[in-house]
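The structure file entry.pdb is reproduced below (PDB, C-alpha atoms, pLDDT in the B column).
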```
ATOM      1  CA  MET Q 482      83.719  43.622  38.973  1.00 45.00           C
ATOM      2  CA  LYS Q 483      84.437  43.488  42.690  1.00 48.00           C
ATOM      3  CA  PRO Q 484      83.859  40.205  44.566  1.00 48.00           C
ATOM      4  CA  GLN Q 485      81.367  41.772  46.980  1.00 56.00           C
ATOM      5  CA  ASN Q 486      79.183  42.839  44.020  1.00 85.00           C
ATOM      6  CA  VAL Q 487      78.947  39.378  42.426  1.00 85.00           C
ATOM      7  CA  VAL Q 488      75.807  38.438  44.341  1.00 86.00           C
ATOM      8  CA  GLU Q 489      74.043  41.696  43.494  1.00 88.00           C
ATOM      9  CA  PHE Q 490      75.050  41.401  39.847  1.00 88.00           C
ATOM     10  CA  ALA Q 491      73.772  37.803  39.649  1.00 86.00           C
ATOM     11  CA  ASP Q 492      70.514  38.856  41.314  1.00 87.00           C
ATOM     12  CA  GLN Q 493      70.075  41.649  38.781  1.00 89.00           C
ATOM     13  CA  LEU Q 494      70.756  39.250  35.880  1.00 88.00           C
ATOM     14  CA  SER Q 495      68.310  36.728  37.245  1.00 88.00           C
ATOM     15  CA  ARG Q 496      65.565  39.341  37.599  1.00 90.00           C
ATOM     16  CA  ARG Q 497      66.183  40.620  34.075  1.00 92.00           C
ATOM     17  CA  ARG Q 498      66.151  37.049  32.755  1.00 92.00           C
ATOM     18  CA  ALA Q 499      62.641  36.431  34.117  1.00 93.00           C
ATOM     19  CA  LEU Q 500      61.321  39.613  32.523  1.00 95.00           C
ATOM     20  CA  GLY Q 501      63.232  39.034  29.280  1.00 95.00           C
ATOM     21  CA  ILE Q 502      61.912  35.498  28.893  1.00 95.00           C
ATOM     22  CA  ALA Q 503      58.356  36.645  29.515  1.00 97.00           C
ATOM     23  CA  LEU Q 504      58.670  39.473  26.975  1.00 97.00           C
ATOM     24  CA  ALA Q 505      60.325  37.208  24.393  1.00 96.00           C
ATOM     25  CA  THR Q 506      57.532  34.658  24.802  1.00 97.00           C
ATOM     26  CA  VAL Q 507      54.813  37.284  24.438  1.00 97.00           C
ATOM     27  CA  ALA Q 508      56.553  38.604  21.316  1.00 96.00           C
ATOM     28  CA  PHE Q 509      56.789  35.034  19.966  1.00 94.00           C
ATOM     29  CA  LEU Q 510      53.056  34.536  20.516  1.00 94.00           C
ATOM     30  CA  GLY Q 511      52.273  37.940  19.006  1.00 93.00           C
ATOM     31  CA  VAL Q 512      54.148  37.050  15.834  1.00 89.00           C
ATOM     32  CA  GLN Q 513      52.261  33.761  15.660  1.00 88.00           C
ATOM     33  CA  LEU Q 514      48.920  35.553  15.927  1.00 86.00           C
ATOM     34  CA  VAL Q 515      49.817  38.093  13.251  1.00 83.00           C
ATOM     35  CA  ALA Q 516      51.828  36.019  10.785  1.00 77.00           C
ATOM     36  CA  ARG Q 517      50.495  32.477  11.261  1.00 72.00           C
ATOM     37  CA  PRO Q 518      53.464  31.083   9.337  1.00 70.00           C
ATOM     38  CA  VAL Q 519      52.120  27.542   8.970  1.00 70.00           C
ATOM     39  CA  PHE Q 520      48.424  28.027   8.252  1.00 68.00           C
ATOM     40  CA  ARG Q 521      48.819  30.114   5.099  1.00 64.00           C
ATOM     41  CA  SER Q 522      47.519  29.228   1.672  1.00 64.00           C
ATOM     42  CA  ASP Q 523      49.578  31.788  -0.264  1.00 64.00           C
ATOM     43  CA  GLY Q 524      52.860  29.850   0.055  1.00 60.00           C
ATOM     44  CA  TYR Q 525      54.533  32.689   1.960  1.00 59.00           C
ATOM     45  CA  GLY Q 526      55.743  30.548   4.833  1.00 55.00           C
ATOM     46  CA  ALA Q 527      56.599  27.457   2.795  1.00 60.00           C
ATOM     47  CA  SER Q 528      59.413  28.940   0.757  1.00 64.00           C
ATOM     48  CA  GLY Q 529      63.070  29.454   1.545  1.00 65.00           C
ATOM     49  CA  PRO Q 530      64.353  30.321   5.009  1.00 76.00           C
ATOM     50  CA  ARG Q 531      60.906  31.492   6.148  1.00 72.00           C
ATOM     51  CA  ALA Q 532      59.842  27.862   6.347  1.00 71.00           C
ATOM     52  CA  TYR Q 533      62.330  27.271   9.169  1.00 83.00           C
ATOM     53  CA  MET Q 534      62.246  30.553  11.092  1.00 87.00           C
ATOM     54  CA  TRP Q 535      59.384  29.538  13.377  1.00 88.00           C
ATOM     55  CA  ALA Q 536      61.146  26.294  14.323  1.00 90.00           C
ATOM     56  CA  LEU Q 537      64.465  28.074  14.902  1.00 93.00           C
ATOM     57  CA  ASN Q 538      62.725  30.703  17.029  1.00 93.00           C
ATOM     58  CA  ALA Q 539      60.933  28.069  19.126  1.00 95.00           C
ATOM     59  CA  ALA Q 540      64.168  26.097  19.570  1.00 96.00           C
ATOM     60  CA  ALA Q 541      66.079  29.225  20.623  1.00 95.00           C
ATOM     61  CA  LEU Q 542      63.391  30.082  23.154  1.00 96.00           C
ATOM     62  CA  LEU Q 543      63.418  26.568  24.580  1.00 95.00           C
ATOM     63  CA  LEU Q 544      67.174  26.814  25.060  1.00 93.00           C
ATOM     64  CA  LEU Q 545      66.456  29.546  27.608  1.00 91.00           C
ATOM     65  CA  LEU Q 546      65.227  26.836  29.987  1.00 91.00           C
ATOM     66  CA  LEU Q 547      68.659  25.220  30.093  1.00 89.00           C
ATOM     67  CA  PRO Q 548      70.950  26.270  32.946  1.00 82.00           C
ATOM     68  CA  ALA Q 549      73.811  26.642  30.488  1.00 76.00           C
ATOM     69  CA  GLY Q 550      73.879  30.390  30.036  1.00 68.00           C
ATOM     70  CA  GLY Q 551      76.050  32.977  31.704  1.00 67.00           C
ATOM     71  CA  PHE Q 552      79.485  31.947  30.486  1.00 71.00           C
ATOM     72  CA  ILE Q 553      80.291  35.567  29.741  1.00 81.00           C
ATOM     73  CA  TRP Q 554      80.140  36.560  33.408  1.00 80.00           C
ATOM     74  CA  GLY Q 555      82.169  33.731  34.901  1.00 83.00           C
ATOM     75  CA  ARG Q 556      81.585  30.625  36.935  1.00 85.00           C
ATOM     76  CA  ARG Q 557      80.547  32.314  40.185  1.00 85.00           C
ATOM     77  CA  VAL Q 558      77.859  34.472  38.556  1.00 86.00           C
ATOM     78  CA  ARG Q 559      76.624  31.519  36.481  1.00 86.00           C
ATOM     79  CA  GLU Q 560      76.297  29.387  39.621  1.00 88.00           C
ATOM     80  CA  LEU Q 561      74.359  32.126  41.408  1.00 87.00           C
ATOM     81  CA  VAL Q 562      72.014  32.797  38.467  1.00 87.00           C
ATOM     82  CA  ASN Q 563      71.381  29.090  37.877  1.00 88.00           C
ATOM     83  CA  ASP Q 564      70.922  28.118  41.510  1.00 89.00           C
ATOM     84  CA  GLU Q 565      68.795  25.262  42.867  1.00 92.00           C
ATOM     85  CA  VAL Q 566      65.618  27.359  42.857  1.00 92.00           C
ATOM     86  CA  SER Q 567      66.152  28.425  39.257  1.00 92.00           C
ATOM     87  CA  ARG Q 568      66.803  24.851  38.138  1.00 93.00           C
ATOM     88  CA  ALA Q 569      63.683  23.669  39.983  1.00 95.00           C
ATOM     89  CA  ASN Q 570      61.679  26.430  38.299  1.00 95.00           C
ATOM     90  CA  ALA Q 571      63.035  25.377  34.901  1.00 95.00           C
ATOM     91  CA  ARG Q 572      62.035  21.769  35.594  1.00 96.00           C
ATOM     92  CA  THR Q 573      58.554  22.871  36.631  1.00 97.00           C
ATOM     93  CA  GLY Q 574      58.248  25.013  33.508  1.00 97.00           C
ATOM     94  CA  ALA Q 575      59.375  22.094  31.356  1.00 97.00           C
ATOM     95  CA  ALA Q 576      56.814  19.855  33.042  1.00 98.00           C
ATOM     96  CA  ALA Q 577      54.067  22.406  32.376  1.00 98.00           C
ATOM     97  CA  GLY Q 578      55.182  22.585  28.751  1.00 97.00           C
ATOM     98  CA  PHE Q 579      55.143  18.788  28.520  1.00 98.00           C
ATOM     99  CA  TRP Q 580      51.557  18.601  29.744  1.00 98.00           C
ATOM    100  CA  MET Q 581      50.542  21.366  27.354  1.00 98.00           C
ATOM    101  CA  ALA Q 582      52.183  19.421  24.517  1.00 98.00           C
ATOM    102  CA  MET Q 583      50.281  16.282  25.503  1.00 98.00           C
ATOM    103  CA  ALA Q 584      46.972  18.170  25.568  1.00 98.00           C
ATOM    104  CA  ALA Q 585      47.705  19.768  22.194  1.00 97.00           C
ATOM    105  CA  ALA Q 586      48.746  16.430  20.694  1.00 96.00           C
ATOM    106  CA  LEU Q 587      45.503  14.843  21.869  1.00 96.00           C
ATOM    107  CA  ALA Q 588      43.591  17.765  20.365  1.00 94.00           C
ATOM    108  CA  VAL Q 589      45.433  17.280  17.067  1.00 94.00           C
ATOM    109  CA  TYR Q 590      44.513  13.605  17.173  1.00 93.00           C
ATOM    110  CA  ALA Q 591      40.840  14.453  17.754  1.00 92.00           C
ATOM    111  CA  VAL Q 592      40.762  17.169  15.085  1.00 88.00           C
ATOM    112  CA  ALA Q 593      42.543  14.987  12.536  1.00 82.00           C
ATOM    113  CA  ALA Q 594      39.347  12.963  12.111  1.00 80.00           C
ATOM    114  CA  SER Q 595      37.492  15.984  10.729  1.00 85.00           C
ATOM    115  CA  ARG Q 596      40.282  18.103   9.226  1.00 83.00           C
ATOM    116  CA  ALA Q 597      43.436  16.830   7.631  1.00 83.00           C
ATOM    117  CA  LEU Q 598      46.500  18.521   9.114  1.00 84.00           C
ATOM    118  CA  SER Q 599      49.917  18.448   7.518  1.00 84.00           C
ATOM    119  CA  ALA Q 600      52.876  17.367   9.619  1.00 85.00           C
ATOM    120  CA  ARG Q 601      54.039  20.997   9.840  1.00 86.00           C
ATOM    121  CA  GLU Q 602      50.619  22.161  11.001  1.00 86.00           C
ATOM    122  CA  ALA Q 603      50.426  19.415  13.622  1.00 90.00           C
ATOM    123  CA  ALA Q 604      53.916  20.181  14.913  1.00 91.00           C
ATOM    124  CA  TYR Q 605      53.083  23.888  15.019  1.00 91.00           C
ATOM    125  CA  VAL Q 606      49.888  23.263  17.000  1.00 92.00           C
ATOM    126  CA  VAL Q 607      51.789  21.148  19.522  1.00 96.00           C
ATOM    127  CA  VAL Q 608      55.068  23.055  19.849  1.00 96.00           C
ATOM    128  CA  THR Q 609      53.832  26.664  19.911  1.00 95.00           C
ATOM    129  CA  PRO Q 610      51.594  26.443  23.004  1.00 96.00           C
ATOM    130  CA  ALA Q 611      53.965  24.031  24.754  1.00 98.00           C
ATOM    131  CA  THR Q 612      56.863  26.435  24.285  1.00 97.00           C
ATOM    132  CA  ALA Q 613      54.798  29.382  25.483  1.00 97.00           C
ATOM    133  CA  VAL Q 614      53.485  27.579  28.566  1.00 98.00           C
ATOM    134  CA  ALA Q 615      56.929  26.263  29.544  1.00 98.00           C
ATOM    135  CA  LEU Q 616      58.590  29.670  29.249  1.00 97.00           C
ATOM    136  CA  LEU Q 617      55.791  31.672  30.834  1.00 98.00           C
ATOM    137  CA  ALA Q 618      55.601  29.232  33.751  1.00 98.00           C
ATOM    138  CA  PHE Q 619      59.367  29.500  34.248  1.00 97.00           C
ATOM    139  CA  ALA Q 620      59.297  33.305  34.047  1.00 96.00           C
ATOM    140  CA  TRP Q 621      56.378  33.491  36.496  1.00 97.00           C
ATOM    141  CA  LEU Q 622      58.050  31.132  38.969  1.00 96.00           C
ATOM    142  CA  GLU Q 623      61.316  33.063  38.737  1.00 94.00           C
ATOM    143  CA  SER Q 624      59.615  36.423  39.285  1.00 94.00           C
ATOM    144  CA  ARG Q 625      57.630  34.968  42.195  1.00 94.00           C
ATOM    145  CA  ALA Q 626      60.845  33.620  43.731  1.00 92.00           C
ATOM    146  CA  HIS Q 627      62.413  37.082  43.501  1.00 87.00           C
ATOM    147  CA  ARG Q 628      59.337  38.693  45.020  1.00 88.00           C
ATOM    148  CA  ASP Q 629      59.222  36.211  47.894  1.00 79.00           C
ATOM    149  CA  GLY Q 630      62.725  36.625  48.901  1.00 64.00           C
TER     150      GLY Q 630
END
```
Would you mind writing the structure in this file as structure tokens?
Amino acid sequence: MKPQNVVEFADQLSRRRALGIALATVAFLGVQLVARPVFRSDGYGASGPRAYMWALNAAALLLLLLPAGGFIWGRRVRELVNDEVSRANARTGAAAGFWMAMAAALAVYAVAASRALSAREAAYVVVTPATAVALLAFAWLESRAHRDG
């Protein structure tokens, strides 16, 4: 890679990252709508590795908010991809996810009076929307930043 192309390459990676995160989040939500791994009575999701796949998937998606990626392309590209605007967008996305988690946790608290939820169900109800909101907010802010300039 030539030094004059580093900025263009980092810009291309950053644009693809916003789209990739949005698509990965939509796929994550689609799987949750179809499979509902926690709220099943047939024991499908409670056995073996399937019991942990949702949590591993959510954790992997949340790692996308960290400005730690890009080691493959070198320090200069990593610094350009994870610039101040990107880090601010990640913080804003994390804040949006936090507030979604608080709203979901309060809803779980209110629902718990009428319907007993297991710890897995409660965690699922809190973590799934919080993860989706955090990542979609980050992806939207990143794509808006690329559109604006």
CA of Gly574 in chain Q and CA of Thr609 in chain Q are how many Å apart?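 Between CA of Gly574 in chain Q and CA of Thr609 in chain Q the gap is 14.4 Å.
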Between CA of Ala575 in chain Q and CA of Ala615 in chain Q, distance in Å (one decimal):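 Calculated distance between CA of Ala575 in chain Q and CA of Ala615 in chain Q is 5.2 Å.
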If we count all atoms listed in the file, what is near Ala499 in chain Q at a cut-off of 8 Å, once residues fewer than 4 positions away on the same chain are taken out, given as number ranges by chain? Q: 495, 503, 619-621, 623-624
Of the residues Q:Leu494, Q:Leu616, Q:Leu544, Q:Ala584, which is the one nearest to Val507 in chain Q, using all atoms listed in the file? Q:Leu616
Would you please work out which residue, of Q:Leu537, Q:Val558, Q:Ala611, Q:Ala586, is nearest to Val488 in chain Q when using all atoms listed in the file?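 The shortest atom-to-atom distance to Val488 in chain Q comes from Q:Val558.
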